[in-house]
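Chemist: Structure file entry-v8.txt (compact mmCIF, C-alpha atoms and all ligand atoms) right here:
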```
# COMPACT_ATOMS: atom_id res chain seq x y z
CA MET A 1 20.56 -7.94 26.13
CA THR A 2 17.97 -5.82 24.30
CA PRO A 3 15.37 -8.18 22.83
CA THR A 4 15.43 -8.25 19.02
CA VAL A 5 12.53 -8.42 16.58
CA TYR A 6 13.25 -9.95 13.18
CA VAL A 7 10.98 -8.57 10.44
CA LEU A 8 11.46 -10.74 7.36
CA ASN A 9 9.92 -10.08 3.97
CA GLY A 10 9.61 -12.48 1.06
CA PRO A 11 9.53 -12.32 -2.72
CA ASN A 12 8.47 -9.21 -4.61
CA LEU A 13 7.89 -7.13 -1.49
CA ASN A 14 10.80 -4.97 -2.69
CA LEU A 15 8.26 -3.75 -5.28
CA LEU A 16 5.89 -2.44 -2.62
CA GLY A 17 4.54 1.00 -3.49
CA THR A 18 5.31 0.67 -7.18
CA ARG A 19 2.26 -1.38 -8.34
CA GLU A 20 -1.16 -2.58 -7.13
CA PRO A 21 -1.69 0.30 -4.66
CA GLN A 22 -5.35 -0.73 -4.35
CA VAL A 23 -4.18 -4.03 -2.77
CA TYR A 24 -0.96 -3.08 -0.96
CA GLY A 25 -1.15 0.71 -0.56
CA SER A 26 1.36 3.22 -1.84
CA GLN A 27 4.05 2.99 0.83
CA THR A 28 7.40 1.48 -0.13
CA LEU A 29 9.37 -1.17 1.74
CA ALA A 30 11.71 1.60 2.90
CA ASP A 31 8.65 3.31 4.45
CA VAL A 32 7.74 0.03 6.16
CA GLU A 33 11.27 -0.29 7.52
CA ARG A 34 11.05 3.26 8.94
CA LEU A 35 7.67 2.40 10.55
CA CYS A 36 9.16 -0.76 12.10
CA ALA A 37 12.26 1.11 13.31
CA ALA A 38 10.17 3.83 14.96
CA THR A 39 7.93 1.21 16.59
CA CYS A 40 10.89 -0.77 17.92
CA GLU A 41 12.60 2.35 19.23
CA ARG A 42 9.43 3.37 21.07
CA LEU A 43 9.13 -0.12 22.61
CA GLY A 44 12.81 -0.56 23.49
CA LEU A 45 13.42 -3.35 21.00
CA SER A 46 16.22 -3.92 18.50
CA LEU A 47 15.19 -4.46 14.89
CA VAL A 48 16.54 -6.68 12.14
CA PHE A 49 14.64 -5.85 8.94
CA ARG A 50 15.30 -7.81 5.73
CA GLN A 51 13.78 -8.76 2.39
CA SER A 52 14.72 -11.48 -0.08
CA ASN A 53 13.31 -12.97 -3.24
CA HIS A 54 15.04 -16.28 -2.38
CA GLU A 55 13.45 -18.96 -0.24
CA GLY A 56 16.79 -20.24 1.10
CA ALA A 57 17.78 -16.78 2.34
CA LEU A 58 14.55 -16.62 4.36
CA VAL A 59 15.28 -20.10 5.76
CA ASP A 60 18.82 -19.00 6.73
CA TRP A 61 17.47 -15.89 8.49
CA ILE A 62 14.93 -17.95 10.45
CA HIS A 63 17.83 -20.18 11.55
CA GLU A 64 19.77 -17.03 12.57
CA ALA A 65 16.77 -15.86 14.59
CA GLY A 66 16.55 -19.37 16.08
CA ARG A 67 20.14 -19.14 17.36
CA LEU A 68 19.31 -15.81 19.02
CA HIS A 69 16.16 -17.40 20.45
CA ALA A 70 18.30 -20.16 22.00
CA GLU A 71 20.46 -17.46 23.66
CA GLY A 72 17.36 -15.72 25.03
CA GLY A 73 17.72 -12.61 22.87
CA LEU A 74 14.79 -12.92 20.47
CA ALA A 75 11.49 -11.11 21.06
CA GLY A 76 9.91 -12.70 17.99
CA VAL A 77 9.86 -12.99 14.22
CA VAL A 78 7.35 -11.10 12.05
CA LEU A 79 7.31 -12.90 8.72
CA ASN A 80 5.59 -11.75 5.56
CA ALA A 81 6.61 -14.73 3.45
CA ALA A 82 4.55 -13.35 0.52
CA ALA A 83 3.94 -16.07 -2.11
CA TYR A 84 6.11 -18.58 -0.19
CA THR A 85 3.37 -18.58 2.46
CA HIS A 86 1.28 -20.65 0.10
CA THR A 87 4.02 -22.96 -1.21
CA SER A 88 6.90 -23.42 1.21
CA VAL A 89 7.34 -26.57 3.29
CA ALA A 90 10.96 -25.37 3.75
CA LEU A 91 9.81 -22.29 5.68
CA LEU A 92 7.37 -24.39 7.70
CA ASP A 93 10.21 -26.76 8.63
CA ALA A 94 12.52 -23.84 9.51
CA VAL A 95 9.98 -22.33 11.91
CA LYS A 96 9.20 -25.75 13.40
CA GLY A 97 12.86 -26.72 13.65
CA THR A 98 13.96 -23.53 15.39
CA GLY A 99 10.88 -22.99 17.55
CA VAL A 100 10.96 -19.23 16.94
CA PRO A 101 7.84 -17.38 18.13
CA LEU A 102 6.31 -16.24 14.86
CA VAL A 103 3.75 -13.74 13.64
CA GLU A 104 2.58 -14.61 10.14
CA LEU A 105 1.76 -11.26 8.54
CA HIS A 106 0.04 -10.20 5.34
CA ILE A 107 -0.64 -6.67 4.20
CA SER A 108 -3.81 -7.66 2.35
CA ASN A 109 -6.69 -9.81 3.57
CA VAL A 110 -5.64 -13.01 1.83
CA HIS A 111 -9.01 -14.64 2.62
CA ALA A 112 -10.85 -12.06 0.51
CA ARG A 113 -8.62 -12.86 -2.48
CA GLU A 114 -8.00 -15.84 -4.80
CA SER A 115 -8.54 -19.26 -3.21
CA PHE A 116 -4.86 -20.24 -3.66
CA ARG A 117 -4.03 -17.52 -1.10
CA HIS A 118 -6.36 -19.05 1.51
CA HIS A 119 -3.97 -21.83 2.47
CA SER A 120 -0.83 -21.09 4.45
CA TYR A 121 1.91 -23.58 5.34
CA LEU A 122 2.89 -21.24 8.19
CA SER A 123 -0.34 -20.62 10.09
CA GLY A 124 -0.15 -23.93 11.97
CA VAL A 125 3.30 -23.12 13.40
CA ALA A 126 2.71 -19.39 13.95
CA ARG A 127 1.88 -18.05 17.39
CA ALA A 128 -0.22 -15.33 15.75
CA VAL A 129 -1.57 -14.64 12.27
CA MET A 130 -2.63 -11.22 11.01
CA CYS A 131 -3.78 -9.87 7.67
CA GLY A 132 -5.69 -7.01 6.12
CA PHE A 133 -4.40 -4.03 8.13
CA GLY A 134 -2.22 -2.76 5.30
CA VAL A 135 1.37 -1.88 6.15
CA ARG A 136 0.14 -0.63 9.55
CA GLY A 137 -0.02 -4.35 10.35
CA TYR A 138 3.76 -4.39 10.76
CA GLN A 139 3.48 -1.88 13.62
CA LEU A 140 0.60 -3.82 15.20
CA ALA A 141 2.53 -7.09 14.92
CA ILE A 142 5.60 -5.62 16.64
CA GLU A 143 3.38 -4.21 19.39
CA GLY A 144 1.94 -7.70 19.86
CA VAL A 145 5.40 -9.30 19.98
CA ALA A 146 6.46 -6.76 22.61
CA GLN A 147 3.72 -8.09 24.89
CA TRP A 148 4.63 -11.81 24.59
O1 LIG A 201 -0.76 -9.45 1.47
C1 LIG A 201 0.43 -9.80 1.60
O2 LIG A 201 1.23 -9.23 2.33
C2 LIG A 201 0.97 -10.97 0.76
O3 LIG A 201 1.86 -11.72 1.57
C3 LIG A 201 1.70 -10.34 -0.41
C4 LIG A 201 2.20 -11.35 -1.45
C5 LIG A 201 1.09 -12.32 -1.85
O4 LIG A 201 1.63 -13.34 -2.68
C6 LIG A 201 0.42 -12.97 -0.64
O5 LIG A 201 -0.62 -13.80 -1.08
C7 LIG A 201 -0.14 -11.90 0.28
C8 LIG A 201 2.69 -10.62 -2.70
C9 LIG A 201 3.84 -9.68 -2.44
C10 LIG A 201 4.14 -8.91 -3.69
O6 LIG A 201 4.00 -7.54 -3.39
C11 LIG A 201 3.93 -6.63 -4.41
C12 LIG A 201 3.62 -5.35 -4.04
C13 LIG A 201 3.53 -4.38 -5.00
C14 LIG A 201 3.77 -4.68 -6.31
C15 LIG A 201 4.07 -5.97 -6.68
C16 LIG A 201 4.18 -6.94 -5.71
```
Please express what this file holds, its structure, as structure tokens.

Modeler:
Amino acid sequence: MTPTVYVLNGPNLNLLGTREPQVYGSQTLADVERLCAATCERLGLSLVFRQSNHEGALVDWIHEAGRLHAEGGLAGVVLNAAAYTHTSVALLDAVKGTGVPLVELHISNVHARESFRHHSYLSGVARAVMCGFGVRGYQLAIEGVAQW
């Protein structure tokens, strides 16, 4: 079975490339999906790439990835939970409950921004945390997952 990478994106990331280019760059989420697809193809991985503005959808997708993990088919999950990073015990419990190997990803350097962005509910259950590389971070995260 070809190992699969789940790349999951949280609220408002569908607006990427339309506002705040000084923080998030000018590439759209469709550009990010193309970058992830090209990276996965190069590394021989399958890609599941999704975005939702709804916390429960992200929880359901982590559970889906967890079932694949139990079957031995998951390479890892790259999660940009966006604002839910800083608020969501539900996502923390989903990652903990499924045991999926997780990269917590942020496009911007959250530690150089407002203090409410400095705390993450996910960092303590993530295998790796990365921020500040712009959308190129998605490629770097997948390359890291490929070496787990
Ligand atoms: O830096 C990141 O990737 C964040 O996860 C992005 C979240 C923010 O709440 C986190 O603190 C850091 C915000 C995503 C919203 O993205 C937009 C992009 C362009 C225009 C509007 C929203």

Chemist: Any residue with an atom at most 6 Å from ligand LIG 201 (chain A) counts, using only C-alpha atoms and all ligand atoms. Which are they? Put them as a short mmCIF file (atom, residue, chain, number, x, y, z; two decimals) with C-alpha atoms, in the coordinates of the input.

Modeler:
```
data_model
loop_
_atom_site.label_atom_id
_atom_site.label_comp_id
_atom_site.auth_asym_id
_atom_site.auth_seq_id
_atom_site.Cartn_x
_atom_site.Cartn_y
_atom_site.Cartn_z
CA ASN A 12 8.47 -9.21 -4.61
CA LEU A 13 7.89 -7.13 -1.49
CA LEU A 15 8.26 -3.75 -5.28
CA LEU A 16 5.89 -2.44 -2.62
CA GLY A 17 4.54 1.00 -3.49
CA THR A 18 5.31 0.67 -7.18
CA ARG A 19 2.26 -1.38 -8.34
CA GLU A 20 -1.16 -2.58 -7.13
CA TYR A 24 -0.96 -3.08 -0.96
CA ASN A 80 5.59 -11.75 5.56
CA ALA A 81 6.61 -14.73 3.45
CA ALA A 82 4.55 -13.35 0.52
CA ALA A 83 3.94 -16.07 -2.11
CA HIS A 106 0.04 -10.20 5.34
CA ILE A 107 -0.64 -6.67 4.20
CA SER A 108 -3.81 -7.66 2.35
CA VAL A 110 -5.64 -13.01 1.83
CA ARG A 117 -4.03 -17.52 -1.10
#
```

Chemist: Between CA of Thr2 (chain A) and CA of Glu55 (chain A), what is the spacing in Å?

Modeler: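 About the pair CA of Glu55 (chain A) and CA of Thr2 (chain A): they are 28.2 Å apart.
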
Chemist: Rounded to one decimal, what separation in Å do you get between CA of Thr98 (chain A) and CA of Glu71 (chain A)?

Modeler: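 Calculated distance between CA of Thr98 (chain A) and CA of Glu71 (chain A) is 12.1 Å.
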
Chemist: One decimal, in Å: what's the spacing between CA of Val135 (chain A) and CA of Gly25 (chain A)?

Modeler: 7.6 Å

Chemist: So, counting all atoms listed in the file, which residue among A:Gly124, A:Gly72, A:Gly132, A:Pro101 is closest to Val145 (chain A)?

Modeler: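 Among A:Gly124, A:Gly72, A:Gly132, A:Pro101, it is A:Pro101 that comes nearest to Val145 (chain A).
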
Chemist: Sorted by chain and rising residue number, list the residues of region 96-123 of chain A at most 10 Å from region 56-62 of chain A (counting only C-alpha atoms), each with its closest atom pair and distance in Å to one decimal, as CSV.

Modeler:
```
residue,atom,partner,partner_atom,distance
A:Gly97,CA,A:Ile62,CA,9.6
A:Thr98,CA,A:Ile62,CA,7.5
A:Gly99,CA,A:Ile62,CA,9.6
A:Val100,CA,A:Ile62,CA,7.7
A:Leu102,CA,A:Ile62,CA,9.8
```

Chemist: Can you work out which one of A:Ser123, A:Thr85, A:Thr4, A:Asn53 has the shortest atom-to-atom distance to Ala65 (chain A), counting all atoms listed in the file?

Modeler: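 Ranking A:Ser123, A:Thr85, A:Thr4, A:Asn53 by distance to Ala65 (chain A), first place goes to A:Thr4.
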
Chemist: Compare A:Ala90, A:Val32, A:Leu43, A:Ala37 by their minimum atom-to-atom distance to Asn14 (chain A), counting only C-alpha atoms, and give me the closest one.

Modeler: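 Of A:Ala90, A:Val32, A:Leu43, A:Ala37, the one nearest Asn14 (chain A), counting only C-alpha atoms, is A:Val32.
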
Chemist: Looking at A:Asn109, A:Ser26, A:Ser46, A:Ser52, which one is nearest to Val77 (chain A), with distances taken over all atoms listed in the file?

Modeler: A:Ser46

Chemist: Considering all atoms listed in the file, state which residue in the set A:Ala38, A:Ala30, A:Pro3, A:Val23 is at the smallest distance from Leu68 (chain A).

Modeler: A:Pro3

Chemist: For His54 (chain A), which of A:Pro11, A:Pro21, A:Gly144, A:Gly76 is the closest residue, counting only C-alpha atoms?

Modeler: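 Checking each candidate against His54 (chain A), we get A:Pro11 as the closest.
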
Chemist: Take region 6-22 of chain A, bring it up to N, CA and C atoms, and give me the output as a PDB file, in the frame of the given file.

Modeler:
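Contents of the output file selection.pdb:
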```
ATOM      1  N   TYR A   6      12.924  -9.746  14.595  1.00  0.00           N
ATOM      2  CA  TYR A   6      13.250  -9.950  13.180  1.00  0.00           C
ATOM      3  C   TYR A   6      11.988  -9.697  12.370  1.00  0.00           C
ATOM      4  N   VAL A   7      12.069  -8.788  11.397  1.00  0.00           N
ATOM      5  CA  VAL A   7      10.980  -8.570  10.440  1.00  0.00           C
ATOM      6  C   VAL A   7      11.503  -9.020   9.077  1.00  0.00           C
ATOM      7  N   LEU A   8      10.958 -10.125   8.596  1.00  0.00           N
ATOM      8  CA  LEU A   8      11.460 -10.740   7.360  1.00  0.00           C
ATOM      9  C   LEU A   8      10.391 -10.668   6.275  1.00  0.00           C
ATOM     10  N   ASN A   9      10.833 -10.296   5.099  1.00  0.00           N
ATOM     11  CA  ASN A   9       9.920 -10.080   3.970  1.00  0.00           C
ATOM     12  C   ASN A   9      10.340 -10.928   2.776  1.00  0.00           C
ATOM     13  N   GLY A  10       9.344 -11.558   2.149  1.00  0.00           N
ATOM     14  CA  GLY A  10       9.610 -12.480   1.060  1.00  0.00           C
ATOM     15  C   GLY A  10       9.514 -11.857  -0.320  1.00  0.00           C
ATOM     16  N   PRO A  11       9.363 -12.718  -1.327  1.00  0.00           N
ATOM     17  CA  PRO A  11       9.530 -12.320  -2.720  1.00  0.00           C
ATOM     18  C   PRO A  11       8.581 -11.224  -3.183  1.00  0.00           C
ATOM     19  N   ASN A  12       9.162 -10.319  -3.934  1.00  0.00           N
ATOM     20  CA  ASN A  12       8.470  -9.210  -4.610  1.00  0.00           C
ATOM     21  C   ASN A  12       8.061  -8.070  -3.685  1.00  0.00           C
ATOM     22  N   LEU A  13       8.263  -8.236  -2.384  1.00  0.00           N
ATOM     23  CA  LEU A  13       7.890  -7.130  -1.490  1.00  0.00           C
ATOM     24  C   LEU A  13       8.820  -5.930  -1.658  1.00  0.00           C
ATOM     25  N   ASN A  14       9.958  -6.116  -2.323  1.00  0.00           N
ATOM     26  CA  ASN A  14      10.800  -4.970  -2.690  1.00  0.00           C
ATOM     27  C   ASN A  14      10.095  -4.053  -3.685  1.00  0.00           C
ATOM     28  N   LEU A  15       9.021  -4.561  -4.314  1.00  0.00           N
ATOM     29  CA  LEU A  15       8.260  -3.750  -5.280  1.00  0.00           C
ATOM     30  C   LEU A  15       7.127  -2.957  -4.637  1.00  0.00           C
ATOM     31  N   LEU A  16       6.979  -3.110  -3.342  1.00  0.00           N
ATOM     32  CA  LEU A  16       5.890  -2.440  -2.620  1.00  0.00           C
ATOM     33  C   LEU A  16       5.875  -0.933  -2.944  1.00  0.00           C
ATOM     34  N   GLY A  17       4.687  -0.422  -3.198  1.00  0.00           N
ATOM     35  CA  GLY A  17       4.540   1.000  -3.490  1.00  0.00           C
ATOM     36  C   GLY A  17       4.703   1.354  -4.946  1.00  0.00           C
ATOM     37  N   THR A  18       5.087   0.380  -5.765  1.00  0.00           N
ATOM     38  CA  THR A  18       5.310   0.670  -7.180  1.00  0.00           C
ATOM     39  C   THR A  18       4.172   0.179  -8.064  1.00  0.00           C
ATOM     40  N   ARG A  19       3.369  -0.813  -7.569  1.00  0.00           N
ATOM     41  CA  ARG A  19       2.260  -1.380  -8.340  1.00  0.00           C
ATOM     42  C   ARG A  19       1.175  -1.828  -7.378  1.00  0.00           C
ATOM     43  N   GLU A  20      -0.028  -2.069  -7.913  1.00  0.00           N
ATOM     44  CA  GLU A  20      -1.160  -2.580  -7.130  1.00  0.00           C
ATOM     45  C   GLU A  20      -1.418  -1.803  -5.834  1.00  0.00           C
ATOM     46  N   PRO A  21      -1.462  -0.466  -5.893  1.00  0.00           N
ATOM     47  CA  PRO A  21      -1.690   0.300  -4.660  1.00  0.00           C
ATOM     48  C   PRO A  21      -3.065   0.014  -4.038  1.00  0.00           C
ATOM     49  N   GLN A  22      -4.024  -0.427  -4.887  1.00  0.00           N
ATOM     50  CA  GLN A  22      -5.350  -0.730  -4.350  1.00  0.00           C
ATOM     51  C   GLN A  22      -5.318  -1.960  -3.430  1.00  0.00           C
TER      52      GLN A  22
END
```
